[in-house]
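To keep things clear, I will list the structure first and then write my remarks on it.
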Number of protein chains: 2
Amino acid sequence: MSSTDKRYATSIDLPTEDVFRNLQNACHFAVDIGGSLVKVAYCSKLHRRTSQVRDHKEDNNCIYQVLEEDGYTRRLHFIKFETKYIHQCLDFIRGHLMQSKEFMLEKKNIKATGGGAHKYKDQIIKTLGVQLDKEDEMECLINGSNFLLKNIPDEAFIYQRHGQSEYQFQGIHHDIFPYLLVNIGSGVSFVKVESETKYERIGGTSTGGGDILGTWISSYKKPSSLYAVTFDDLLELAEKGDHKKVDMLVRDIYGGEYSTIGLKGDIIASSFGKAARTDKENVPCYKDEDVARSLLLSISNDIGQLASLYCRLHQLKKIYFGGYFIRGHPLTMHTISFAINFWSKGEIQALFMRHEGYLGAIGAFLKGAEEEDTDRYTWGENFAGCSGLSSSNPLLDSRERSSTFDMLELDKLEKMLQPCSLLLDPNSYLPDTVDLTTDTAAREYWIDCFSNSVDKCIWIPFVRSLLDTSSHCLSDCLFTDPYSQVRKLVIVMPRKMPGSSVEYFKS
Amino acid sequence: MSSTDKRYATSIDLPTEDVFRNLQNACHFAVDIGGSLVKVAYCSKLHRRTSQVRDHKEDNNCIYQVLEEDGYTRRLHFIKFETKYIHQCLDFIRGHLMQSKEFMLEKKNIKATGGGAHKYKDQIIKTLGVQLDKEDEMECLINGSNFLLKNIPDEAFIYQRHGQSEYQFQGIHHDIFPYLLVNIGSGVSFVKVESETKYERIGGTSTGGGDILGTWISSYKKPSSLYAVTFDDLLELAEKGDHKKVDMLVRDIYGGEYSTIGLKGDIIASSFGKAARTDKENVPCYKDEDVARSLLLSISNDIGQLASLYCRLHQLKKIYFGGYFIRGHPLTMHTISFAINFWSKGEIQALFMRHEGYLGAIGAFLKGAEEEDTDRYTWGENFAGCSGLSSSNPLLDSRERSSTFDMLELDKLEKMLQPCSLLLDPNSYLPDTVDLTTDTAAREYWIDCFSNSVDKCIWIPFVRSLLDTSSHCLSDCLFTDPYSQVRKLVIVMPRKMPGSSVEYFKS
C-alpha cells in the first residue's frame, strides 16, 4: 500500500487489504450510510474453476465423466466501517476502483440509502466520479431483509440461553409474512412487513445503540486510557458486570416477589434505582462493568417491550431484529428474547439475523441488480469470505469476536433454486440428518475429523455445512471439487444396492 | 426540639416542626413506602371556630343573624420524605404521637401500602407500638386517584407550553372512567382503570425516576462538592441544557427532515448519538446540563410512547400521571405531552395531577376511613396547609420550587357536596366567571389587590380560589369568616333588585 493508504489503514484499522476483497474487479456498488456505520456492497467478477459431471456415452462401464471448466462468477461483497471515516474510505475505494476495467467501462450509478445518502451525496459523487441514485431507506431495509430470509439458509435464529440448543437456526421459509422488523442502529425503527411490497414504519425510538455508548462517553470522566469508547468494549464490560449492584429489584422494594401482579423478586423494578438512593455524603464507586450491564439491560428491555407492544397492536407474531446493535451478543439476545416472551406471554417470537447489519446495503444493491434480472438467480453464501457469528468466548480478543469489518459474500448460483416439488411440506423439511448446533458430541467429532483429516475424507450428508465451507475455501483458491470422483461413484451405486436410501450413502 | 430531634431534623432537612402540623392531635395513620420516598397521611382533630348565618325571626328588618360557634373538624395531613430516613422519621413521629390523647386511647391500626409495607413492617410496629394492616398497592393507588379526581377541584390539568394558557385545570368530573394511570416512582406502572372497583396493572417499565438520577450518580466521577445528587438538582440542570449537543437529531443523519416517514429534522433520532460518535483520541467535555437534559428527554419520551401504546391497545383516551417524577416540571410535562400527542396523533390526552405523589397514601388512608363512613362526607383542600404547584421561577431556590416536604391538607366538610340538580350538564359548568390562569391582567390585578388591601375587601365571586385561600388561612388562626356580615347583606339583596344574577353580586 502507498504511504497514504497506510495512514488511512491506521485510522480505520484496516487489518489488511484483504478486507476489501476483489475490489479491483468490482462493477456495481451500493452503500448504506447510517448515523454511525457505513455499509458497502459491491459486486465483483471472479475467475472460477468448476468440475462438472457430464454424460459420457462412449464407455459402457462409466457413463459419467468429470470435466474441469474455467469461467466467471459474480460475487457480492459486503463490508462496514464507521461513518466518521467515510472520507478516507472513499479515497481508498477510489484508488482501487481505478484498476477495475469493468468499472471504468460500465460506470454504473451507485445505489445509496440511509441518512448519509443525502448528507454525503456530493462527497461520494466527487470522490468516485459516478452518479448516485438515492434509494428509500425503508424500502432497502425490507428488500434486504426479505432477500436474506428467502435466500440464505439459517440466516434467522432463535436464541435460548438455557435451551437444549442455544441457537435454533430457522432454515429458509417461504411464507415469512407478516412480520415486524426492528432495525436497531443509532436509533430504532419498527416496520410492519406484510408482503414483498407492502410495509409501513409504524414506530421508532431514540433509545438504541447510540444511547448506550453515548451515555457512557458523555458521562464518564476517566483518563482516556481507561475509556471504554467502542460499543464492543462496553459489551465486553457488561458481560462481567453485576447489574444488581446498581439496579433496584422488586425484592429490594417488597422484600420478595410482588405476587399479586406477577412480578418475581429478581425483576428489575428501577434501572439504576440503587444508585439513585446513594447518600450524597458517602458516594460509593460503582464498578464500570456493573454500570455497563445495567445500561445494556435497560435499553434491551425497553426495545423488547416496545417491539412486543407494536406486535400486539398489529397482530404480528414474529419479530426479526436488524441493524448492528445486537452483534450476536448473548446477553443482549437473551434480554430481548426474555422481554418479548414476558410481555407477550410467549405468543410472539424474537428472531435474530446473522447478517443483521447489511439489510439496507443488500436492499440498495438489489435495486441496481433488478436491471440484470437478478431475480432469476439465487444467491448463496460463500463461507470462505464470511465472518461467523460473534463468539461468546471471552478468550478471543474483541476484534475476532465482533469485527469492525464483518464480511459477507454471496455467490450468484448458476440456477435459481426451488423447493423440491415432491416434498409434502417444504417449510418443515430438514435435509440435514444431524444438527451440529444441538449435538455437541457430533459437532466435536466432525470438527476434529475435518481438521485432522485433510487428505482422507469420508463423505456423509450429515455435515453439509462443513462440507460446503471446505468446498468454498478450496474453490476460492481455484481448486476443483475434490469429491467429484466420489460423487460419480455414489450416483452409480443405487443401481446395484436396492434398499434404504440412507444405506446408499454410507461408506 | 430536643437535641435528638435536632439531629433528626438536620439529617432529614426538617425545616421546622411545622412540617408535621397538628401531629400531637393525630388519630389515624396511613403510610405508602416506596422505593425512594415514604408518604405519610394522618388525620388530626382540630379546634375550629365558625360563623353561621342563622334564621332569626325576632327582628322584622333583619331576618338573619351571625353566630360564632366552637367545634372540631377532621383534617388530613400528607407529607413525604426519603425512604432512607424512615427510621429517624418513625422515631420523630412516635415522640409526638405520645402527646396525642386520641391516639393513645384509640390506637387504631396503621394502614400501610407500597413495597416498604412489607419490608419495614416490623420496624413500624416496634417503633410506633401499633399493628399494621398491609393494603394492596394498586388498590390504594387507584382509590387515591379516583378520590382526588372526584373531590379536589382543579386537581388534574393539561400542560401546553405554547398554549394560550400554560395550565388548563380540569375541574371536577364525575365520569372519569375509563383512564390509564401511569404511576412513576422509582419504577413505572401502567394501570387501566375502568371503574371504582375494576382496574388492572397492564404494564410497567424500570426506566422511571430512579433511572435518571441513578445513571447520573453511578457514572459521574466528579468531586462530591460538584455532585448533583438530588433529582431536583438534575431537573434544575436540565432546564439550562442544550440536548442537541449530545443527541443525534434526524437532520444530523439526513441533512434535513425524513419526510417520507414524517420525521421533522429536530426529532431526536438517537439519544446520546452525538456523544457515541466521539473520536476516542479527542473526547470533548460534555456539559452537565446538556447531558442532564438529554437523559430527562430520553426517559420522558420513552414513558410517553409506552403510555400511548398501552392506551391504544386498550382503547383508552386519557392518561393521568401519578408518582413523584414529574413535580410540575415544565420540561418533563411538555416532553411527555408532546410524545403522547405525537404517538397518538392527537387522540389521547395527557393529564397531570397536583398531588401526584400522594395517591397511595390517600388510598391507604381511605381504607381505614371506610370504617367511619367517610364516604358520607366530602373532603376539601385546605389551601393554608398546602404547597402549591412547583414554580418554574428559576430565581426561587430548589426547596421552594419542589420541597422534599410537600404538604397537602384536606378538611372534612360538614356535608357531602353534590352537583346542583338544576344544572343541565354539571361537567361543563364553570362557576368562575374569570379564569386567573388564562387572564394574566386579571391575575396580576387581583393578587395586587389582595396583598395590598388586607383591611378593605371587595367581595366578588370572580376570584373564588383566592378568597378560599384567604378564608382558610384566617380559619387556621381561629379567625371567623370576615365576610359573614357582607354575606348577610347579599342574601337580602335579591329581594330588592330583580334582574341578572350577576348584577346582584357587584359591589
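Scheme for the C-alpha cells: letters A, B, ... for chains in order shown; per-chain residue numbers from 1; ligand numbers from 1 in order shown.
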List every residue of chain A that has an atom at most 6 Å from any atom of chain B, and for each one report the closest atom pair and its distance in Å to one decimal, counting only C-alpha atoms, with rows sorted by chain and then by increasing residue number, as JSON lines.
```
{"residue": "A:Gly35", "atom": "CA", "partner": "B:Ile253", "partner_atom": "CA", "distance": 5.4}
{"residue": "A:Gly115", "atom": "CA", "partner": "B:Tyr254", "partner_atom": "CA", "distance": 4.1}
{"residue": "A:Gly116", "atom": "CA", "partner": "B:Tyr254", "partner_atom": "CA", "distance": 5.9}
{"residue": "A:His118", "atom": "CA", "partner": "B:Tyr254", "partner_atom": "CA", "distance": 5.7}
{"residue": "A:Lys119", "atom": "CA", "partner": "B:Gly255", "partner_atom": "CA", "distance": 5.2}
{"residue": "A:Ser186", "atom": "CA", "partner": "B:Ser270", "partner_atom": "CA", "distance": 5.4}
{"residue": "A:Gly187", "atom": "CA", "partner": "B:Ser270", "partner_atom": "CA", "distance": 4.6}
{"residue": "A:Ser206", "atom": "CA", "partner": "B:Ser270", "partner_atom": "CA", "distance": 4.2}
{"residue": "A:Thr207", "atom": "CA", "partner": "B:Ser271", "partner_atom": "CA", "distance": 5.7}
{"residue": "A:Gly210", "atom": "CA", "partner": "B:Gly273", "partner_atom": "CA", "distance": 4.4}
{"residue": "A:Asp211", "atom": "CA", "partner": "B:Phe272", "partner_atom": "CA", "distance": 4.9}
{"residue": "A:Leu213", "atom": "CA", "partner": "B:Ala276", "partner_atom": "CA", "distance": 5.1}
{"residue": "A:Gly214", "atom": "CA", "partner": "B:Ala276", "partner_atom": "CA", "distance": 3.8}
{"residue": "A:Thr215", "atom": "CA", "partner": "B:Phe272", "partner_atom": "CA", "distance": 5.8}
{"residue": "A:Ser218", "atom": "CA", "partner": "B:Tyr286", "partner_atom": "CA", "distance": 5.7}
{"residue": "A:Ser219", "atom": "CA", "partner": "B:Tyr220", "partner_atom": "CA", "distance": 5.8}
{"residue": "A:Tyr220", "atom": "CA", "partner": "B:Tyr220", "partner_atom": "CA", "distance": 5.7}
{"residue": "A:Lys221", "atom": "CA", "partner": "B:Lys221", "partner_atom": "CA", "distance": 5.8}
{"residue": "A:Ile253", "atom": "CA", "partner": "B:Gly115", "partner_atom": "CA", "distance": 4.8}
{"residue": "A:Tyr254", "atom": "CA", "partner": "B:Gly115", "partner_atom": "CA", "distance": 4.1}
{"residue": "A:Gly255", "atom": "CA", "partner": "B:Lys119", "partner_atom": "CA", "distance": 5.2}
{"residue": "A:Ala269", "atom": "CA", "partner": "B:Ser206", "partner_atom": "CA", "distance": 5.0}
{"residue": "A:Ser270", "atom": "CA", "partner": "B:Ser206", "partner_atom": "CA", "distance": 4.2}
{"residue": "A:Ser271", "atom": "CA", "partner": "B:Asp211", "partner_atom": "CA", "distance": 5.0}
{"residue": "A:Phe272", "atom": "CA", "partner": "B:Gly214", "partner_atom": "CA", "distance": 4.5}
{"residue": "A:Gly273", "atom": "CA", "partner": "B:Gly210", "partner_atom": "CA", "distance": 4.4}
{"residue": "A:Ala275", "atom": "CA", "partner": "B:Gly214", "partner_atom": "CA", "distance": 4.5}
{"residue": "A:Ala276", "atom": "CA", "partner": "B:Gly214", "partner_atom": "CA", "distance": 3.8}
{"residue": "A:Tyr286", "atom": "CA", "partner": "B:Ser218", "partner_atom": "CA", "distance": 5.7}
{"residue": "A:Leu313", "atom": "CA", "partner": "B:Leu313", "partner_atom": "CA", "distance": 5.9}
```
Q: as a count of residues only, please: all residues of segment 67-302 of chain A that backbone DSSP puts in strand (DSSP E or B).
A: 56
**Q.** Top pick for closest residue to Lys134 of chain A, considering A:Thr113, A:Asn452, A:Asn151, A:Gln65 and counting only C-alpha atoms
**A.** A:Thr113
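Our summary of the geometry notes that atom CA of Glu139 of chain A is positioned 13.9 Å from atom CA of Val182 of chain A.
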**Q.** Spatial neighbours of Arg161 of chain B, max dist 12 Å, only C-alpha atoms, sep filter under 5 positions, as JSON, numbers by chain
**A.** {"B": [166, 167, 168, 329, 330, 331, 332, 333, 334, 335, 336, 337, 338, 392]}
Take the residues that were just selected and, keeping N, CA, C and O atoms, output them as an mmCIF file, in the first residue's frame.
```cif
data_model
loop_
_atom_site.group_PDB
_atom_site.id
_atom_site.type_symbol
_atom_site.label_atom_id
_atom_site.label_comp_id
_atom_site.auth_asym_id
_atom_site.auth_seq_id
_atom_site.Cartn_x
_atom_site.Cartn_y
_atom_site.Cartn_z
ATOM 1 N N GLU B 166 -50.870 28.125 29.840
ATOM 2 C CA GLU B 166 -49.902 27.046 30.048
ATOM 3 C C GLU B 166 -50.557 25.877 30.798
ATOM 4 O O GLU B 166 -50.311 24.724 30.488
ATOM 5 N N TYR B 167 -51.386 26.203 31.788
ATOM 6 C CA TYR B 167 -52.060 25.180 32.590
ATOM 7 C C TYR B 167 -53.560 25.255 32.340
ATOM 8 O O TYR B 167 -54.159 26.315 32.478
ATOM 9 N N GLN B 168 -54.134 24.120 32.002
ATOM 10 C CA GLN B 168 -55.603 24.075 31.853
ATOM 11 C C GLN B 168 -56.155 23.135 32.907
ATOM 12 O O GLN B 168 -56.084 21.915 32.757
ATOM 13 N N HIS B 329 -42.635 19.843 36.688
ATOM 14 C CA HIS B 329 -41.500 20.394 35.946
ATOM 15 C C HIS B 329 -41.914 20.636 34.496
ATOM 16 O O HIS B 329 -42.295 19.690 33.798
ATOM 17 N N PRO B 330 -41.850 21.870 34.026
ATOM 18 C CA PRO B 330 -42.390 22.184 32.694
ATOM 19 C C PRO B 330 -41.761 21.362 31.565
ATOM 20 O O PRO B 330 -42.469 20.902 30.674
ATOM 21 N N LEU B 331 -40.459 21.162 31.621
ATOM 22 C CA LEU B 331 -39.804 20.433 30.529
ATOM 23 C C LEU B 331 -40.303 18.996 30.462
ATOM 24 O O LEU B 331 -40.604 18.464 29.387
ATOM 25 N N THR B 332 -40.436 18.367 31.640
ATOM 26 C CA THR B 332 -40.922 16.987 31.692
ATOM 27 C C THR B 332 -42.352 16.911 31.167
ATOM 28 O O THR B 332 -42.684 16.044 30.353
ATOM 29 N N MET B 333 -43.191 17.816 31.640
ATOM 30 C CA MET B 333 -44.596 17.778 31.229
ATOM 31 C C MET B 333 -44.734 18.043 29.738
ATOM 32 O O MET B 333 -45.537 17.405 29.045
ATOM 33 N N HIS B 334 -43.939 18.972 29.245
ATOM 34 C CA HIS B 334 -44.003 19.272 27.816
ATOM 35 C C HIS B 334 -43.571 18.064 26.998
ATOM 36 O O HIS B 334 -44.226 17.706 26.013
ATOM 37 N N THR B 335 -42.483 17.432 27.400
ATOM 38 C CA THR B 335 -41.951 16.304 26.631
ATOM 39 C C THR B 335 -42.937 15.143 26.615
ATOM 40 O O THR B 335 -43.212 14.554 25.569
ATOM 41 N N ILE B 336 -43.482 14.823 27.788
ATOM 42 C CA ILE B 336 -44.438 13.722 27.861
ATOM 43 C C ILE B 336 -45.686 14.049 27.041
ATOM 44 O O ILE B 336 -46.182 13.212 26.275
ATOM 45 N N SER B 337 -46.194 15.259 27.183
ATOM 46 C CA SER B 337 -47.398 15.649 26.444
ATOM 47 C C SER B 337 -47.144 15.601 24.939
ATOM 48 O O SER B 337 -47.975 15.123 24.168
ATOM 49 N N PHE B 338 -46.001 16.073 24.541
ATOM 50 C CA PHE B 338 -45.653 16.084 23.121
ATOM 51 C C PHE B 338 -45.571 14.669 22.584
ATOM 52 O O PHE B 338 -46.103 14.354 21.516
ATOM 53 N N SER B 392 -41.875 27.409 38.158
ATOM 54 C CA SER B 392 -40.796 27.299 37.181
ATOM 55 C C SER B 392 -39.876 28.500 37.277
ATOM 56 O O SER B 392 -39.009 28.714 36.456
#
```
Q) In Å, with one decimal, what is the gap from atom CA of Arg75 of chain A to atom CA of Phe479 of chain A? A) 17.2 Å
Q: Apply DSSP to the backbone of this structure and, from segment 146-271 of chain A, keep only the residues in alpha helix (DSSP H); write these as an MDAnalysis selection string.
A: chainID A and resid 146:151 209:219 231:240 250:254
Please save N, CA and C atoms of the selected residues as an mmCIF file, in the first residue's frame.
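Generated output (out-v2.cif):
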```
data_model
loop_
_atom_site.group_PDB
_atom_site.id
_atom_site.type_symbol
_atom_site.label_atom_id
_atom_site.label_comp_id
_atom_site.auth_asym_id
_atom_site.auth_seq_id
_atom_site.Cartn_x
_atom_site.Cartn_y
_atom_site.Cartn_z
ATOM 1 N N ASN A 146 -36.079 -9.357 3.369
ATOM 2 C CA ASN A 146 -36.784 -10.422 2.655
ATOM 3 C C ASN A 146 -35.809 -11.293 1.866
ATOM 4 N N PHE A 147 -34.838 -10.647 1.264
ATOM 5 C CA PHE A 147 -33.850 -11.371 0.478
ATOM 6 C C PHE A 147 -33.087 -12.385 1.337
ATOM 7 N N LEU A 148 -32.590 -11.925 2.464
ATOM 8 C CA LEU A 148 -31.815 -12.820 3.333
ATOM 9 C C LEU A 148 -32.666 -13.974 3.841
ATOM 10 N N LEU A 149 -33.891 -13.651 4.251
ATOM 11 C CA LEU A 149 -34.741 -14.693 4.825
ATOM 12 C C LEU A 149 -35.118 -15.744 3.785
ATOM 13 N N LYS A 150 -35.166 -15.336 2.534
ATOM 14 C CA LYS A 150 -35.570 -16.279 1.498
ATOM 15 C C LYS A 150 -34.410 -16.962 0.797
ATOM 16 N N ASN A 151 -33.213 -16.439 0.932
ATOM 17 C CA ASN A 151 -32.083 -16.985 0.176
ATOM 18 C C ASN A 151 -31.008 -17.665 1.011
ATOM 19 N N GLY A 209 -28.665 1.951 19.875
ATOM 20 C CA GLY A 209 -27.250 1.715 20.087
ATOM 21 C C GLY A 209 -26.483 2.942 20.532
ATOM 22 N N GLY A 210 -26.871 4.086 19.979
ATOM 23 C CA GLY A 210 -26.162 5.315 20.319
ATOM 24 C C GLY A 210 -26.357 5.703 21.772
ATOM 25 N N ASP A 211 -27.498 5.327 22.301
ATOM 26 C CA ASP A 211 -27.845 5.716 23.666
ATOM 27 C C ASP A 211 -26.869 5.133 24.675
ATOM 28 N N ILE A 212 -26.580 3.860 24.515
ATOM 29 C CA ILE A 212 -25.712 3.200 25.488
ATOM 30 C C ILE A 212 -24.303 3.792 25.441
ATOM 31 N N LEU A 213 -23.753 3.767 24.261
ATOM 32 C CA LEU A 213 -22.367 4.226 24.141
ATOM 33 C C LEU A 213 -22.254 5.706 24.465
ATOM 34 N N GLY A 214 -23.219 6.462 23.966
ATOM 35 C CA GLY A 214 -23.156 7.899 24.183
ATOM 36 C C GLY A 214 -23.328 8.282 25.642
ATOM 37 N N THR A 215 -24.219 7.590 26.341
ATOM 38 C CA THR A 215 -24.406 7.858 27.764
ATOM 39 C C THR A 215 -23.090 7.638 28.487
ATOM 40 N N TRP A 216 -22.437 6.575 28.122
ATOM 41 C CA TRP A 216 -21.166 6.228 28.742
ATOM 42 C C TRP A 216 -20.115 7.301 28.510
ATOM 43 N N ILE A 217 -19.926 7.600 27.236
ATOM 44 C CA ILE A 217 -18.854 8.532 26.886
ATOM 45 C C ILE A 217 -19.099 9.915 27.460
ATOM 46 N N SER A 218 -20.352 10.367 27.402
ATOM 47 C CA SER A 218 -20.627 11.731 27.847
ATOM 48 C C SER A 218 -20.591 11.861 29.357
ATOM 49 N N SER A 219 -20.718 10.749 30.053
ATOM 50 C CA SER A 219 -20.788 10.829 31.500
ATOM 51 C C SER A 219 -19.459 10.587 32.189
ATOM 52 N N PHE A 231 -18.411 0.370 21.221
ATOM 53 C CA PHE A 231 -19.556 -0.391 21.681
ATOM 54 C C PHE A 231 -19.126 -1.806 22.064
ATOM 55 N N ASP A 232 -18.186 -2.353 21.334
ATOM 56 C CA ASP A 232 -17.699 -3.701 21.655
ATOM 57 C C ASP A 232 -17.038 -3.729 23.028
ATOM 58 N N ASP A 233 -16.299 -2.678 23.348
ATOM 59 C CA ASP A 233 -15.685 -2.605 24.673
ATOM 60 C C ASP A 233 -16.752 -2.644 25.762
ATOM 61 N N LEU A 234 -17.810 -1.887 25.526
ATOM 62 C CA LEU A 234 -18.888 -1.836 26.509
ATOM 63 C C LEU A 234 -19.560 -3.195 26.664
ATOM 64 N N LEU A 235 -19.778 -3.866 25.540
ATOM 65 C CA LEU A 235 -20.412 -5.182 25.604
ATOM 66 C C LEU A 235 -19.531 -6.152 26.397
ATOM 67 N N GLU A 236 -18.236 -6.032 26.196
ATOM 68 C CA GLU A 236 -17.302 -6.905 26.897
ATOM 69 C C GLU A 236 -17.341 -6.634 28.399
ATOM 70 N N LEU A 237 -17.395 -5.367 28.748
ATOM 71 C CA LEU A 237 -17.503 -4.998 30.158
ATOM 72 C C LEU A 237 -18.786 -5.556 30.755
ATOM 73 N N ALA A 238 -19.866 -5.357 30.024
ATOM 74 C CA ALA A 238 -21.175 -5.745 30.536
ATOM 75 C C ALA A 238 -21.245 -7.236 30.852
ATOM 76 N N GLU A 239 -20.520 -8.030 30.063
ATOM 77 C CA GLU A 239 -20.501 -9.470 30.284
ATOM 78 C C GLU A 239 -20.089 -9.810 31.714
ATOM 79 N N LYS A 240 -19.193 -8.987 32.242
ATOM 80 C CA LYS A 240 -18.593 -9.301 33.547
ATOM 81 C C LYS A 240 -19.344 -8.645 34.713
ATOM 82 N N VAL A 250 -37.366 -5.897 42.323
ATOM 83 C CA VAL A 250 -38.649 -5.986 43.025
ATOM 84 C C VAL A 250 -38.414 -6.379 44.482
ATOM 85 N N ARG A 251 -37.512 -7.311 44.713
ATOM 86 C CA ARG A 251 -37.309 -7.757 46.092
ATOM 87 C C ARG A 251 -36.643 -6.696 46.974
ATOM 88 N N ASP A 252 -35.947 -5.760 46.363
ATOM 89 C CA ASP A 252 -35.354 -4.665 47.144
ATOM 90 C C ASP A 252 -36.443 -3.740 47.678
ATOM 91 N N ILE A 253 -37.578 -3.692 46.980
ATOM 92 C CA ILE A 253 -38.675 -2.825 47.416
ATOM 93 C C ILE A 253 -39.644 -3.607 48.297
ATOM 94 N N TYR A 254 -39.966 -4.830 47.879
ATOM 95 C CA TYR A 254 -41.020 -5.590 48.556
ATOM 96 C C TYR A 254 -40.492 -6.636 49.535
#
```
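Note that atom CA of Ala30 of chain A and atom CA of Ala364 of chain A are 5.8 Å apart.
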Q. Which residues come within 9 Å of Cys311 of chain A, counting only C-alpha atoms, excluding same-chain residues fewer than 4 positions away, as a PyMOL selection string?
A. chain A and resi 179-180+192+306-307+315-319+344+348
Write out the residues from the selection above, keeping all heavy atoms, as a short mmCIF file (atom, residue, chain, number, x, y, z; two decimals), in the first residue's frame.
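Writing done, so here's selection28.cif:
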```cif
data_model
loop_
_atom_site.label_atom_id
_atom_site.label_comp_id
_atom_site.auth_asym_id
_atom_site.auth_seq_id
_atom_site.Cartn_x
_atom_site.Cartn_y
_atom_site.Cartn_z
N TYR A 179 -44.46 -9.92 9.34
CA TYR A 179 -43.54 -9.87 10.49
C TYR A 179 -43.23 -8.42 10.85
O TYR A 179 -43.53 -7.50 10.09
CB TYR A 179 -42.26 -10.66 10.21
CG TYR A 179 -41.36 -10.12 9.11
CD1 TYR A 179 -40.40 -9.14 9.37
CD2 TYR A 179 -41.45 -10.62 7.80
CE1 TYR A 179 -39.56 -8.66 8.36
CE2 TYR A 179 -40.60 -10.15 6.80
CZ TYR A 179 -39.67 -9.17 7.08
OH TYR A 179 -38.84 -8.70 6.09
N LEU A 180 -42.66 -8.25 12.02
CA LEU A 180 -42.19 -6.92 12.44
C LEU A 180 -40.68 -6.91 12.30
O LEU A 180 -40.01 -7.80 12.82
CB LEU A 180 -42.58 -6.64 13.89
CG LEU A 180 -42.16 -5.25 14.40
CD1 LEU A 180 -43.09 -4.17 13.84
CD2 LEU A 180 -42.18 -5.18 15.94
N LYS A 192 -43.62 -2.74 10.00
CA LYS A 192 -44.54 -3.86 9.80
C LYS A 192 -44.43 -4.27 8.34
O LYS A 192 -44.62 -3.46 7.45
CB LYS A 192 -45.95 -3.38 10.12
CG LYS A 192 -47.08 -4.33 9.74
CD LYS A 192 -48.39 -3.67 10.16
CE LYS A 192 -49.60 -4.37 9.62
NZ LYS A 192 -50.82 -3.66 10.02
N LEU A 306 -41.24 -2.39 23.73
CA LEU A 306 -41.84 -1.62 22.64
C LEU A 306 -42.16 -2.53 21.46
O LEU A 306 -43.25 -2.45 20.88
CB LEU A 306 -40.89 -0.51 22.19
CG LEU A 306 -40.76 0.68 23.14
CD1 LEU A 306 -39.59 1.58 22.73
CD2 LEU A 306 -42.05 1.51 23.15
N ALA A 307 -41.23 -3.42 21.12
CA ALA A 307 -41.46 -4.33 20.00
C ALA A 307 -42.70 -5.20 20.25
O ALA A 307 -43.52 -5.40 19.36
CB ALA A 307 -40.22 -5.21 19.76
N GLN A 315 -51.21 -7.27 15.51
CA GLN A 315 -51.43 -8.73 15.38
C GLN A 315 -50.30 -9.42 14.62
O GLN A 315 -50.52 -10.19 13.68
CB GLN A 315 -52.77 -9.06 14.68
CG GLN A 315 -53.99 -8.70 15.51
CD GLN A 315 -54.42 -7.26 15.26
OE1 GLN A 315 -54.52 -6.83 14.11
NE2 GLN A 315 -54.68 -6.52 16.33
N LEU A 316 -49.07 -9.16 15.01
CA LEU A 316 -47.92 -9.81 14.41
C LEU A 316 -47.35 -10.81 15.41
O LEU A 316 -47.40 -10.59 16.62
CB LEU A 316 -46.85 -8.77 14.04
CG LEU A 316 -47.32 -7.68 13.07
CD1 LEU A 316 -46.29 -6.57 12.97
CD2 LEU A 316 -47.59 -8.27 11.69
N LYS A 317 -46.81 -11.93 14.89
CA LYS A 317 -46.32 -12.97 15.78
C LYS A 317 -44.82 -13.18 15.74
O LYS A 317 -44.27 -13.95 16.53
CB LYS A 317 -47.00 -14.31 15.44
CG LYS A 317 -48.50 -14.31 15.61
CD LYS A 317 -48.88 -14.17 17.07
CE LYS A 317 -50.40 -14.25 17.24
NZ LYS A 317 -50.78 -13.83 18.60
N LYS A 318 -44.16 -12.51 14.77
CA LYS A 318 -42.72 -12.71 14.64
C LYS A 318 -42.02 -11.37 14.58
O LYS A 318 -42.49 -10.43 13.94
CB LYS A 318 -42.40 -13.46 13.33
CG LYS A 318 -42.67 -14.93 13.34
CD LYS A 318 -42.29 -15.56 12.01
CE LYS A 318 -43.06 -14.93 10.84
NZ LYS A 318 -42.69 -15.56 9.56
N ILE A 319 -40.87 -11.31 15.26
CA ILE A 319 -40.05 -10.10 15.20
C ILE A 319 -38.66 -10.50 14.73
O ILE A 319 -38.02 -11.37 15.33
CB ILE A 319 -39.91 -9.44 16.59
CG1 ILE A 319 -41.28 -9.19 17.20
CG2 ILE A 319 -39.12 -8.15 16.47
CD1 ILE A 319 -41.21 -8.66 18.63
N SER A 344 -45.40 -10.70 25.91
CA SER A 344 -46.39 -11.28 25.02
C SER A 344 -46.92 -12.61 25.57
O SER A 344 -47.67 -13.30 24.88
CB SER A 344 -45.79 -11.52 23.63
OG SER A 344 -44.84 -12.58 23.69
N ILE A 348 -45.31 -14.21 21.06
CA ILE A 348 -44.56 -13.57 19.99
C ILE A 348 -43.12 -14.11 20.03
O ILE A 348 -42.54 -14.27 21.10
CB ILE A 348 -44.57 -12.04 20.15
CG1 ILE A 348 -46.00 -11.52 20.03
CG2 ILE A 348 -43.68 -11.37 19.11
CD1 ILE A 348 -46.18 -10.06 20.41
#
```
